[in-house]
Amino acid sequence: MKDYTFTWDINEDGKYNDFTGAAVELPFEEPGVYVVSVKATKGGQSATYDTVVEIQKDRVPDKPTITGPTSGKPGETKTYTITANDPYNDEIVYLIDWDDGTYDVRGPVAAGKNVVVSHEWTGSGSFNVKVTAYDSFAGESEVGTLSVSMPKSKSSVDTPLLTRFLENHPLLARLLELPIFQRLLQRI
Ligand SMILES: [Ca+2]
Ligand SMILES: [Ca+2]
């Protein structure tokens, strides 16, 4: 090998004048298909060899999966496991939207590695947790979602119907304070 001279044509103009040496570092950055040719010369004789080099675009991470409880009570700490793969195994950063105005960021971690994250919702309601995975090329995944419901605490759910009705109808509540209604109510 050491008796050979290697010259390269990497811009497809048929001239082997772009690089010299047995190994070259190709400067291609734009995605595309490139033909790279090398000529080996020894003692006035030469042979050429063409090869096709494909520079691929980054492929974004897969949609993250979220595993964990889908219901609970406000004030409880809930723990979720998040993961996403990447076609090229790029490291991943996760953006977690808890749907209560707060966010968490985790990573970068290896693609496919489980990330454990905890959250506590302080209010009741139904929350649509959204997780987006970003790779090191800022490739953005589809949004993985998980719906979590935090029902109101028992005491407020069980507010007696009559009390809630009267809260919404103050005039009726005042009528019921009249003696005649009081007597009627006592007989119910
Ligand atoms: Ca050339
Ligand atoms: Ca990627």
# chains A, B, ... in the order shown; residues from 1 in each chain; ligands from 1
call {"tool": "residues_near_ligand", "arguments": {"ligand": "ligand 2", "cutoff": "7 Å", "atoms": "only C-alpha atoms and all ligand atoms", "output": "number ranges by chain"}}
result
A: 58-61, 86-90, 135, 137, 139
call {"tool": "write_last_selection", "arguments": {"atoms": "N, CA and C atoms", "output": "mmCIF file, in the first residue's frame"}}
result
data_model
loop_
_atom_site.group_PDB
_atom_site.id
_atom_site.type_symbol
_atom_site.label_atom_id
_atom_site.label_comp_id
_atom_site.auth_asym_id
_atom_site.auth_seq_id
_atom_site.Cartn_x
_atom_site.Cartn_y
_atom_site.Cartn_z
ATOM 1 N N ASP A 58 -31.020 13.739 10.013
ATOM 2 C CA ASP A 58 -31.373 13.213 11.329
ATOM 3 C C ASP A 58 -32.801 12.707 11.294
ATOM 4 N N ARG A 59 -33.055 11.652 12.016
ATOM 5 C CA ARG A 59 -34.436 11.215 12.185
ATOM 6 C C ARG A 59 -34.820 11.452 13.634
ATOM 7 N N VAL A 60 -36.003 12.014 13.800
ATOM 8 C CA VAL A 60 -36.409 12.481 15.131
ATOM 9 C C VAL A 60 -36.700 11.297 16.041
ATOM 10 N N PRO A 61 -36.664 11.522 17.362
ATOM 11 C CA PRO A 61 -36.988 10.440 18.299
ATOM 12 C C PRO A 61 -38.429 9.973 18.106
ATOM 13 N N ASP A 86 -34.634 6.486 19.684
ATOM 14 C CA ASP A 86 -34.237 7.344 18.572
ATOM 15 C C ASP A 86 -33.660 6.438 17.486
ATOM 16 N N PRO A 87 -34.082 6.642 16.232
ATOM 17 C CA PRO A 87 -33.603 5.763 15.155
ATOM 18 C C PRO A 87 -32.080 5.711 15.065
ATOM 19 N N TYR A 88 -31.407 6.803 15.433
ATOM 20 C CA TYR A 88 -29.946 6.814 15.372
ATOM 21 C C TYR A 88 -29.308 6.798 16.758
ATOM 22 N N ASN A 89 -30.132 6.449 17.759
ATOM 23 C CA ASN A 89 -29.613 6.333 19.120
ATOM 24 C C ASN A 89 -29.002 7.618 19.657
ATOM 25 N N ASP A 90 -29.535 8.758 19.202
ATOM 26 C CA ASP A 90 -29.048 10.025 19.744
ATOM 27 C C ASP A 90 -29.515 10.181 21.185
ATOM 28 N N ASP A 135 -33.814 15.263 20.312
ATOM 29 C CA ASP A 135 -32.479 14.670 20.238
ATOM 30 C C ASP A 135 -31.421 15.770 20.131
ATOM 31 N N PHE A 137 -29.851 16.896 17.806
ATOM 32 C CA PHE A 137 -29.925 17.766 16.628
ATOM 33 C C PHE A 137 -31.182 18.630 16.687
ATOM 34 N N GLY A 139 -34.038 17.583 16.908
ATOM 35 C CA GLY A 139 -35.170 16.873 16.289
ATOM 36 C C GLY A 139 -36.252 16.659 17.332
#
call {"tool": "residues_around", "arguments": {"residues": "segment 78-82 of chain A", "least_positions_apart": "2", "cutoff": "8 Å", "atoms": "only C-alpha atoms", "output": "NGL selection string"}}
result
:A and (64-69 or 76 or 84 or 114-120)
call {"tool": "write_last_selection", "arguments": {"atoms": "N, CA and C atoms", "output": "JSON list (two decimals), in the first residue's frame"}}
result
[["chain", "number", "residue", "atom", "x", "y", "z"],
["A", 64, "PRO", "N", -42.67, 9.59, 22.75],
["A", 64, "PRO", "CA", -42.38, 9.04, 24.08],
["A", 64, "PRO", "C", -43.58, 8.27, 24.65],
["A", 65, "THR", "N", -43.28, 7.27, 25.44],
["A", 65, "THR", "CA", -44.32, 6.59, 26.21],
["A", 65, "THR", "C", -44.24, 7.06, 27.65],
["A", 66, "ILE", "N", -45.41, 7.18, 28.28],
["A", 66, "ILE", "CA", -45.51, 7.62, 29.67],
["A", 66, "ILE", "C", -46.23, 6.51, 30.43],
["A", 67, "THR", "N", -45.60, 6.00, 31.47],
["A", 67, "THR", "CA", -46.22, 4.94, 32.25],
["A", 67, "THR", "C", -46.35, 5.41, 33.69],
["A", 68, "GLY", "N", -47.55, 5.23, 34.27],
["A", 68, "GLY", "CA", -47.75, 5.63, 35.65],
["A", 68, "GLY", "C", -49.22, 5.76, 35.95],
["A", 69, "PRO", "N", -49.52, 6.19, 37.18],
["A", 69, "PRO", "CA", -50.92, 6.27, 37.60],
["A", 69, "PRO", "C", -51.73, 7.27, 36.77],
["A", 76, "GLU", "N", -51.06, 14.33, 46.29],
["A", 76, "GLU", "CA", -50.29, 13.09, 46.32],
["A", 76, "GLU", "C", -49.15, 13.20, 45.31],
["A", 84, "ALA", "N", -38.21, 7.12, 25.30],
["A", 84, "ALA", "CA", -38.38, 7.22, 23.84],
["A", 84, "ALA", "C", -37.12, 6.68, 23.19],
["A", 114, "ASN", "N", -34.99, 4.55, 30.58],
["A", 114, "ASN", "CA", -36.13, 5.03, 31.35],
["A", 114, "ASN", "C", -35.76, 6.24, 32.19],
["A", 115, "VAL", "N", -36.63, 7.23, 32.19],
["A", 115, "VAL", "CA", -36.47, 8.40, 33.04],
["A", 115, "VAL", "C", -37.62, 8.40, 34.03],
["A", 116, "VAL", "N", -37.30, 8.47, 35.31],
["A", 116, "VAL", "CA", -38.34, 8.46, 36.34],
["A", 116, "VAL", "C", -38.50, 9.88, 36.86],
["A", 117, "VAL", "N", -39.74, 10.34, 36.88],
["A", 117, "VAL", "CA", -40.00, 11.71, 37.28],
["A", 117, "VAL", "C", -41.29, 11.74, 38.10],
["A", 118, "SER", "N", -41.29, 12.57, 39.14],
["A", 118, "SER", "CA", -42.46, 12.64, 40.04],
["A", 118, "SER", "C", -43.11, 14.00, 39.94],
["A", 119, "HIS", "N", -44.40, 14.01, 40.22],
["A", 119, "HIS", "CA", -45.14, 15.26, 40.20],
["A", 119, "HIS", "C", -46.28, 15.21, 41.20],
["A", 120, "GLU", "N", -46.63, 16.40, 41.66],
["A", 120, "GLU", "CA", -47.75, 16.52, 42.59],
["A", 120, "GLU", "C", -48.67, 17.61, 42.05]]
call {"tool": "residues_around", "arguments": {"residues": "Ala40 of chain A", "least_positions_apart": "5", "cutoff": "12 Å", "atoms": "only C-alpha atoms", "output": "number ranges by chain"}}
result
A: 1-9, 16, 20-23, 45-50
call {"tool": "closest_atom_pairs", "arguments": {"of": "chain A", "to": "ligand 1", "cutoff": "12 Å", "atoms": "only C-alpha atoms and all ligand atoms", "output": "Markdown table"}}
result
| residue | atom | partner | partner_atom_place_in_ligand_line | distance |
| --- | --- | --- | --- | --- |
| A:Thr7 | CA | ligand 1 | 1 (Ca) | 9.5 |
| A:Trp8 | CA | ligand 1 | 1 (Ca) | 7.0 |
| A:Asp9 | CA | ligand 1 | 1 (Ca) | 4.0 |
| A:Ile10 | CA | ligand 1 | 1 (Ca) | 5.5 |
| A:Asn11 | CA | ligand 1 | 1 (Ca) | 4.9 |
| A:Glu12 | CA | ligand 1 | 1 (Ca) | 5.8 |
| A:Asp13 | CA | ligand 1 | 1 (Ca) | 4.9 |
| A:Gly14 | CA | ligand 1 | 1 (Ca) | 5.7 |
| A:Lys15 | CA | ligand 1 | 1 (Ca) | 4.1 |
| A:Tyr16 | CA | ligand 1 | 1 (Ca) | 5.1 |
| A:Asn17 | CA | ligand 1 | 1 (Ca) | 5.2 |
| A:Asp18 | CA | ligand 1 | 1 (Ca) | 5.1 |
| A:Phe19 | CA | ligand 1 | 1 (Ca) | 8.5 |
| A:Thr20 | CA | ligand 1 | 1 (Ca) | 11.2 |
| A:Val35 | CA | ligand 1 | 1 (Ca) | 10.8 |
| A:Val36 | CA | ligand 1 | 1 (Ca) | 9.3 |
| A:Ser37 | CA | ligand 1 | 1 (Ca) | 8.8 |
| A:Val38 | CA | ligand 1 | 1 (Ca) | 10.0 |
| A:Lys39 | CA | ligand 1 | 1 (Ca) | 11.3 |
call {"tool": "select_by_dssp", "arguments": {"residues": "chain A", "states": "helix (DSSP H, G or I)", "output": "ChimeraX atom specification"}}
result
/A:154-157,161-168,170-176,179-186
call {"tool": "closest_residue", "arguments": {"among": "A:Ser141, A:Ser136, A:Thr41, A:Ser147", "to": "Glu91 of chain A", "atoms": "only C-alpha atoms"}}
result
A:Ser136
call {"tool": "select_by_dssp", "arguments": {"residues": "chain A", "states": "strand (DSSP E)", "output": "ChimeraX atom specification"}}
result
/A:5-9,19-20,32-42,45-55,65-67,77-83,92-97,103-109,115-120,125-135,144-150
call {"tool": "residues_around", "arguments": {"residues": "Thr132 of chain A", "least_positions_apart": "6", "cutoff": "10 Å", "atoms": "only C-alpha atoms", "output": "list in words"}}
result
Pro61, Asp62, Lys63, Pro64, Thr65, Ala84, Ile92, Val93, Tyr94, Leu95, Ile96, Asp97, Val105, Glu140, Ser141, Glu142, Val143, Gly144 and Thr145 of chain A
call {"tool": "residues_around", "arguments": {"residues": "Lys57 of chain A", "least_positions_apart": "4", "cutoff": "10 Å", "atoms": "only C-alpha atoms", "output": "list in words"}}
result
Glu29, Glu30, Pro31, Gly32 and Phe137 of chain A
call {"tool": "write_last_selection", "arguments": {"atoms": "C-alpha atoms", "output": "short mmCIF file (atom, residue, chain, number, x, y, z; two decimals), in the first residue's frame"}}
result
data_model
loop_
_atom_site.label_atom_id
_atom_site.label_comp_id
_atom_site.auth_asym_id
_atom_site.auth_seq_id
_atom_site.Cartn_x
_atom_site.Cartn_y
_atom_site.Cartn_z
CA GLU A 29 -22.80 18.20 5.74
CA GLU A 30 -25.92 18.58 3.63
CA PRO A 31 -28.06 15.46 3.40
CA GLY A 32 -27.76 13.86 -0.02
CA PHE A 137 -29.93 17.77 16.63
#
call {"tool": "atom_distance", "arguments": {"atom1": "atom CA of Ala133 of chain A", "atom2": "atom CA of Gly112 of chain A"}}
result
11.0 Å
call {"tool": "closest_residue", "arguments": {"among": "A:Asn85, A:Asn168, A:Thr77, A:Asn128", "to": "Asp100 of chain A", "atoms": "only C-alpha atoms"}}
result
A:Asn128
call {"tool": "closest_residue", "arguments": {"among": "A:Lys73, A:Leu26, A:Lys42, A:Val109", "to": "Met150 of chain A", "atoms": "only C-alpha atoms"}}
result
A:Lys73
call {"tool": "atom_distance", "arguments": {"atom1": "atom CA of Val131 of chain A", "atom2": "atom CA of Gly107 of chain A"}}
result
12.7 Å
call {"tool": "closest_residue", "arguments": {"among": "A:Leu146, A:Thr70, A:Gly44, A:Glu54", "to": "Phe28 of chain A", "atoms": "only C-alpha atoms"}}
result
A:Glu54
